[in-house]
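Structure file entry_17.txt with compact mmCIF, C-alpha atoms and all ligand atoms:
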# COMPACT_ATOMS: atom_id res chain seq x y z
CA MET T 1 0.00 0.00 0.00
CA TYR T 2 1.25 3.47 -0.84
CA ASP T 3 2.18 5.45 2.24
CA ASP T 4 2.40 9.25 1.99
CA ALA T 5 4.89 9.39 4.83
CA TYR T 6 7.56 7.77 2.66
CA PRO T 7 8.77 9.84 -0.23
CA THR T 8 8.99 7.96 -3.49
CA GLU T 9 12.01 9.81 -4.76
CA ILE T 10 15.24 10.02 -2.79
CA ARG T 11 17.62 12.80 -3.83
CA GLU T 12 21.28 11.95 -3.51
CA TYR T 13 24.15 14.39 -3.64
CA LEU T 14 27.86 13.74 -3.68
CA TYR T 15 30.20 16.54 -2.68
CA LYS T 16 33.95 16.74 -2.66
CA ILE T 17 35.40 18.69 0.25
CA LEU T 18 39.09 19.54 0.58
CA VAL T 19 40.90 19.59 3.90
CA ILE T 20 44.06 21.66 3.59
CA GLY T 21 46.57 23.46 5.77
CA ASP T 22 50.11 22.98 7.02
CA VAL T 23 51.48 19.65 8.19
CA GLY T 24 50.64 18.71 11.78
CA THR T 25 47.70 21.10 12.14
CA GLY T 26 45.28 18.20 12.68
CA LYS T 27 43.68 17.65 9.27
CA THR T 28 43.76 13.85 9.43
CA SER T 29 42.58 13.88 13.05
CA ILE T 30 39.66 16.14 12.16
CA ILE T 31 38.58 13.90 9.30
CA LYS T 32 38.86 10.79 11.45
CA ARG T 33 36.89 12.46 14.21
CA TYR T 34 34.14 13.50 11.82
CA VAL T 35 33.87 10.32 9.80
CA HIS T 36 34.50 7.73 12.55
CA ASN T 37 34.23 4.75 10.33
CA ILE T 38 35.54 4.46 6.84
CA PHE T 39 39.02 5.70 6.20
CA SER T 40 40.55 4.67 2.94
CA MET T 41 44.23 3.85 3.07
CA ASN T 42 44.66 2.66 -0.47
CA TYR T 43 44.93 5.78 -2.53
CA LYS T 44 47.93 7.47 -0.96
CA SER T 45 50.53 5.73 -3.07
CA THR T 46 48.72 6.23 -6.35
CA ILE T 47 47.32 9.76 -6.29
CA GLY T 48 48.96 11.21 -3.20
CA VAL T 49 45.77 11.72 -1.18
CA ASP T 50 43.49 9.79 1.09
CA PHE T 51 39.82 10.32 1.18
CA ALA T 52 37.06 9.42 3.56
CA LEU T 53 33.35 9.19 2.97
CA LYS T 54 30.61 10.41 5.29
CA VAL T 55 27.00 9.61 4.45
CA ILE T 56 24.35 11.87 5.94
CA GLN T 57 20.59 11.42 5.91
CA TRP T 58 19.93 15.14 5.59
CA SER T 59 16.12 14.85 5.44
CA PRO T 60 13.67 12.03 4.71
CA ASP T 61 14.18 12.49 0.99
CA THR T 62 17.77 13.74 0.82
CA VAL T 63 20.97 11.78 1.27
CA VAL T 64 24.29 13.58 1.12
CA ARG T 65 27.63 11.87 0.61
CA LEU T 66 30.61 13.91 1.61
CA GLN T 67 33.95 12.92 0.22
CA LEU T 68 36.66 14.45 2.39
CA TRP T 69 40.04 14.75 0.72
CA ASP T 70 43.11 14.66 2.92
CA ILE T 71 46.45 15.69 1.45
CA ALA T 72 48.30 13.06 3.42
CA GLY T 73 51.85 14.32 3.68
CA GLN T 74 52.12 16.54 0.61
CA GLU T 75 51.69 19.81 2.48
CA ARG T 76 54.99 21.32 1.43
CA ALA T 77 54.37 21.28 -2.26
CA SER T 78 51.86 23.47 -4.06
CA MET T 79 48.93 21.22 -4.75
CA ALA T 80 48.30 19.97 -8.26
CA ARG T 81 45.19 21.44 -9.83
CA VAL T 82 43.78 17.94 -10.31
CA TYR T 83 43.56 17.50 -6.56
CA TYR T 84 41.21 20.49 -6.23
CA LYS T 85 39.15 19.58 -9.27
CA GLU T 86 35.36 19.59 -8.79
CA ALA T 87 35.55 20.35 -5.09
CA VAL T 88 32.66 22.46 -3.82
CA ALA T 89 34.04 23.31 -0.39
CA ALA T 90 37.18 23.41 1.71
CA LEU T 91 38.27 23.40 5.33
CA VAL T 92 41.51 25.30 5.85
CA VAL T 93 43.10 24.23 9.13
CA TYR T 94 45.73 25.89 11.30
CA ASP T 95 47.15 25.05 14.71
CA VAL T 96 46.46 27.71 17.34
CA THR T 97 49.74 26.90 19.11
CA ARG T 98 51.86 27.58 15.99
CA PRO T 99 51.43 31.09 14.52
CA LYS T 100 53.35 30.07 11.39
CA THR T 101 50.51 27.76 10.45
CA PHE T 102 48.10 30.71 10.63
CA GLU T 103 50.39 32.74 8.35
CA ALA T 104 50.24 29.85 5.89
CA VAL T 105 46.43 30.03 5.74
CA LYS T 106 46.60 32.96 3.29
CA ARG T 107 48.83 30.95 0.99
CA TRP T 108 46.46 27.98 1.12
CA LYS T 109 43.45 30.16 0.35
CA ALA T 110 45.24 31.87 -2.54
CA ASP T 111 46.29 28.49 -3.93
CA LEU T 112 42.70 27.31 -3.66
CA ASP T 113 41.21 30.38 -5.34
CA SER T 114 43.69 30.22 -8.19
CA LYS T 115 42.94 26.58 -8.97
CA VAL T 116 39.26 25.87 -8.41
CA THR T 117 35.84 27.53 -8.65
CA LEU T 118 32.34 26.23 -8.04
CA PRO T 119 31.47 23.91 -10.93
CA GLY T 120 30.07 25.84 -13.87
CA THR T 121 30.78 29.28 -12.34
CA ASP T 122 33.70 31.55 -11.58
CA GLU T 123 32.75 31.83 -7.91
CA PRO T 124 35.16 30.63 -5.20
CA ILE T 125 34.24 27.39 -3.47
CA HIS T 126 32.67 27.51 0.02
CA THR T 127 35.53 27.75 2.49
CA ILE T 128 35.76 27.89 6.26
CA LEU T 129 38.71 28.35 8.59
CA LEU T 130 39.38 25.94 11.44
CA ALA T 131 41.52 27.15 14.34
CA ASN T 132 42.41 23.72 15.68
CA LYS T 133 43.88 22.43 18.96
CA THR T 134 41.97 24.92 21.10
CA ASP T 135 42.24 22.38 23.93
CA LEU T 136 45.92 23.31 24.20
CA GLN T 137 45.48 27.08 24.25
CA GLU T 138 42.02 28.16 25.22
CA ASN T 139 42.59 31.90 25.00
CA ALA T 140 44.42 31.86 21.70
CA LEU T 141 41.52 33.19 19.65
CA ASP T 142 40.80 36.83 19.02
CA ALA T 143 37.27 36.70 17.64
CA GLU T 144 37.30 40.20 16.21
CA GLU T 145 40.62 39.69 14.46
CA LEU T 146 39.49 36.35 13.03
CA ASP T 147 36.19 37.83 11.82
CA GLU T 148 38.12 40.52 9.96
CA PHE T 149 40.57 37.99 8.59
CA CYS T 150 37.70 35.86 7.25
CA GLU T 151 36.03 38.88 5.68
CA GLU T 152 39.24 40.00 4.04
CA HIS T 153 40.28 36.61 2.69
CA GLY T 154 36.93 35.19 1.61
CA PHE T 155 36.22 32.65 4.35
CA LEU T 156 32.54 32.18 5.16
CA LYS T 157 33.28 31.78 8.86
CA TRP T 158 35.86 30.50 11.35
CA PHE T 159 35.49 27.89 14.09
CA GLY T 160 37.72 27.13 17.07
CA THR T 161 38.02 23.32 17.05
CA SER T 162 39.64 20.48 18.89
CA ALA T 163 39.94 17.12 17.20
CA LYS T 164 41.18 15.79 20.51
CA ASP T 165 38.10 16.86 22.47
CA ASN T 166 35.72 16.56 19.52
CA LYS T 167 34.84 20.22 19.82
CA ASN T 168 33.01 22.18 17.09
CA ILE T 169 33.91 19.82 14.25
CA GLU T 170 30.32 18.68 13.76
CA ASP T 171 29.09 22.31 13.94
CA ALA T 172 31.63 23.49 11.40
CA THR T 173 30.83 20.79 8.87
CA GLN T 174 27.09 21.26 9.43
CA PHE T 175 27.46 24.97 8.66
CA LEU T 176 29.43 24.20 5.51
CA LEU T 177 26.91 21.64 4.35
CA GLU T 178 24.06 24.10 4.81
CA LYS T 179 25.91 26.58 2.60
CA ILE T 180 26.56 23.95 -0.04
CA LEU T 181 22.93 22.84 -0.15
CA ALA T 182 21.61 26.41 -0.16
CA SER T 183 23.78 27.26 -3.14
CA GLU T 184 22.70 24.04 -4.87
CA GLU T 185 19.07 25.09 -4.43
CA GLU T 186 19.78 28.58 -5.73
CA ARG T 187 21.45 27.09 -8.77
CA ALA T 188 18.49 24.77 -9.40
CA GLN T 189 16.08 27.69 -8.97
CA ARG T 190 18.11 29.82 -11.41
CA GLN T 191 17.86 27.03 -13.97
CA VAL T 192 14.09 26.80 -13.49
CA ASP T 193 13.79 30.61 -13.81
CA GLU T 194 15.96 30.67 -16.92
CA SER T 195 14.00 27.93 -18.65
CA ALA T 196 10.69 29.62 -17.69
CA MET T 197 12.02 32.85 -19.19
CA LEU T 198 13.05 31.04 -22.38
CA ASP T 199 9.57 29.52 -22.59
CA ARG T 200 8.06 33.00 -22.31
CA VAL T 201 10.38 34.32 -25.00
CA HIS T 202 9.44 31.46 -27.32
CA LEU T 203 5.77 31.98 -26.60
CA SER T 204 5.87 35.69 -27.31
CA GLN T 205 7.91 35.06 -30.48
CA SER T 206 5.36 32.57 -31.77
CA LYS T 207 2.50 34.92 -30.84
CA ALA T 208 4.25 37.71 -32.70
CA LYS T 209 4.53 35.44 -35.74
CA GLU T 210 0.85 34.52 -35.53
CA GLY T 211 -0.05 38.21 -35.28
CA CYS T 212 1.95 39.27 -38.29
CA CYS T 213 0.64 39.16 -41.90
P1 LIG T 301 47.89 16.66 9.80
O1 LIG T 301 47.06 15.59 9.19
O2 LIG T 301 47.38 18.03 9.54
O3 LIG T 301 49.35 16.56 9.44
P2 LIG T 301 47.43 15.20 12.25
O4 LIG T 301 47.80 16.49 11.39
O5 LIG T 301 45.98 14.95 12.25
O6 LIG T 301 48.31 14.09 11.85
O7 LIG T 301 47.81 15.70 13.71
C1 LIG T 301 49.13 16.10 14.03
C2 LIG T 301 49.33 15.92 15.53
O8 LIG T 301 48.46 16.82 16.23
C3 LIG T 301 48.98 14.53 16.05
O9 LIG T 301 49.80 14.26 17.15
C4 LIG T 301 47.56 14.69 16.54
O10 LIG T 301 47.21 13.75 17.53
C5 LIG T 301 47.61 16.09 17.11
N1 LIG T 301 46.32 16.76 17.12
C6 LIG T 301 45.44 16.89 16.10
N2 LIG T 301 44.38 17.60 16.47
C7 LIG T 301 44.57 17.93 17.77
C8 LIG T 301 43.80 18.67 18.73
O11 LIG T 301 42.71 19.18 18.47
N3 LIG T 301 44.36 18.81 19.97
C9 LIG T 301 45.55 18.27 20.31
N4 LIG T 301 46.00 18.46 21.53
N5 LIG T 301 46.30 17.57 19.43
C10 LIG T 301 45.81 17.40 18.17
P3 LIG T 301 50.99 13.22 17.11
O12 LIG T 301 51.57 13.29 18.48
O13 LIG T 301 50.35 11.92 16.78
O14 LIG T 301 51.90 13.72 16.05
MG MG T 302 47.62 14.13 7.77
Could you render the structure from this file as structure tokens?
Amino acid sequence: MYDDAYPTEIREYLYKILVIGDVGTGKTSIIKRYVHNIFSMNYKSTIGVDFALKVIQWSPDTVVRLQLWDIAGQERASMARVYYKEAVAALVVYDVTRPKTFEAVKRWKADLDSKVTLPGTDEPIHTILLANKTDLQENALDAEELDEFCEEHGFLKWFGTSAKDNKNIEDATQFLLEKILASEEERAQRQVDESAMLDRVHLSQSKAKEGCC
């Protein structure tokens, strides 16, 4: 029997999310903390990255698969464009106990912006800043300074996190996912609007033809 409570069509999305930042800032720990279960170890030797998959039942009719890309030991080199390809979002991580890793954040963001945009647009991908290891230095964050930094360098927001204490990692990724899905909806709406406009243009053209002669 058909039951209204169960949607007949499940929407599935797959998103690639980059996790970048200097070596030792906690990228792998953050991914492991977030994903808990699957952590692929097989890709490192072939393409120089690991990735992990997190599956989220976002709503009764929407499933989201997040593919988190970890640069696994290649932090010193500038990343190859192919690594960034088709990513829709990024987490840039620094270590609050090592100011040099915060300095490097600008370089990571610039590298990102020069090599990838949201698919089919020239807009930057959704990016947030993670100030990690806050368990080691609780007063290390100057909220006002970080707000300004984010504004200036095109980060949507910053979060103080601790992979060790599992602090704020879920919130940060939730925020990012909301942004991704909102922009997906906007894009879908734009397509609907554009095709409705085209229909109207075609209609008025054919009416004009009918009216003439
Ligand atoms: P990376 O992938 O960015 O290179 P890792 O960083 O995830 O390998 O973490 C580097 C080191 O920092 C690890 O310690 C890890 O346990 C530690 N670390 C990661 N996140 C946190 C955190 O939030 N708090 C604290 N206190 N430590 C953290 P080891 O000793 O294994 O090198
Ligand atoms: Mg790592």
Item to check | At most 10 Å from ligand MG 302 (chain T) (all atoms listed in the file): residue list as a list in words | outcome: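 Those residues are Val19, Ile20, Gly21, Asp22, Val23, Gly24, Thr25, Gly26, Lys27, Thr28, Ser29, Ile30, Ile31, Val49, Asp50, Asp70, Ile71, Ala72, Gly73, Gln74 and Glu75 of chain T.
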Checklist entry - For ligand LIG 301 (chain T), which residue among T:Leu130, T:Ile125, T:Leu14, T:Ala89 is the nearest when counting all atoms listed in the file? => result T:Leu130
Checklist entry - Can you tell me, as a ChimeraX atom specification, what residues are no more than 12 Å from Glu178 of chain T when counting only C-alpha atoms, ignoring any on the same chain fewer than 4 positions away? => result /T:58,64,89,126,156,171-174,182-185
Next on the checklist: Between T:Glu194, T:Glu12, T:Asp165, T:Glu170, which residue has the minimum interatomic distance to Val35 of chain T, considering all atoms listed in the file?
Outcome noted: T:Glu170
Next on the checklist: Just to confirm, what's the straight-line distance from atom CA of Lys167 of chain T to atom CA of Gln137 of chain T in Å (one decimal)?
Outcome noted: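 Atom CA of Gln137 of chain T lies at a distance of 13.4 Å from atom CA of Lys167 of chain T.
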Next on the checklist: Using all atoms listed in the file - which residues lie no farther than 9 Å from the point (41.0, 23.2, 12.7) in the file's frame? Write them as a PyMOL selection string.
Outcome noted: chain T and resi 21+25-27+30+91-96+129-134+159-163+169
Dump of C-alpha atoms for the selected residues, as an mmCIF file, in the coordinates of the input:
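Contents of again-v9.cif, as written:
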data_model
loop_
_atom_site.group_PDB
_atom_site.id
_atom_site.type_symbol
_atom_site.label_atom_id
_atom_site.label_comp_id
_atom_site.auth_asym_id
_atom_site.auth_seq_id
_atom_site.Cartn_x
_atom_site.Cartn_y
_atom_site.Cartn_z
ATOM 1 C CA GLY T 21 46.570 23.460 5.770
ATOM 2 C CA THR T 25 47.700 21.100 12.140
ATOM 3 C CA GLY T 26 45.280 18.200 12.680
ATOM 4 C CA LYS T 27 43.680 17.650 9.270
ATOM 5 C CA ILE T 30 39.660 16.140 12.160
ATOM 6 C CA LEU T 91 38.270 23.400 5.330
ATOM 7 C CA VAL T 92 41.510 25.300 5.850
ATOM 8 C CA VAL T 93 43.100 24.230 9.130
ATOM 9 C CA TYR T 94 45.730 25.890 11.300
ATOM 10 C CA ASP T 95 47.150 25.050 14.710
ATOM 11 C CA VAL T 96 46.460 27.710 17.340
ATOM 12 C CA LEU T 129 38.710 28.350 8.590
ATOM 13 C CA LEU T 130 39.380 25.940 11.440
ATOM 14 C CA ALA T 131 41.520 27.150 14.340
ATOM 15 C CA ASN T 132 42.410 23.720 15.680
ATOM 16 C CA LYS T 133 43.880 22.430 18.960
ATOM 17 C CA THR T 134 41.970 24.920 21.100
ATOM 18 C CA PHE T 159 35.490 27.890 14.090
ATOM 19 C CA GLY T 160 37.720 27.130 17.070
ATOM 20 C CA THR T 161 38.020 23.320 17.050
ATOM 21 C CA SER T 162 39.640 20.480 18.890
ATOM 22 C CA ALA T 163 39.940 17.120 17.200
ATOM 23 C CA ILE T 169 33.910 19.820 14.250
#
Checklist entry - Taking all atoms listed in the file into account, which of T:Lys164, T:Arg190, T:Lys100, T:Arg200 comes nearest ligand LIG 301 (chain T)? => result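 Residue with the minimum atom-to-atom distance to ligand LIG 301 (chain T): T:Lys164.
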Checklist entry - From the list T:Ile128, T:Pro119, T:Ala143, T:Thr8, which residue is nearest Val105 of chain T when using only C-alpha atoms? => result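 Nearest to Val105 of chain T: T:Ile128.
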Item to check | Residue with smallest distance to ligand LIG 301 (chain T) - pool T:Leu136, T:Leu68, T:Leu118, T:Ile10, counting all atoms listed in the file | outcome: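 Nearest candidate to ligand LIG 301 (chain T) out of T:Leu136, T:Leu68, T:Leu118, T:Ile10: T:Leu136.
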Checklist entry - Given the choices T:Thr117, T:Arg11, T:Asn166, T:Phe102, which gets closest to ligand LIG 301 (chain T) if the distance is worked out from all atoms listed in the file? => result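 The shortest atom-to-atom distance to ligand LIG 301 (chain T) comes from T:Asn166.
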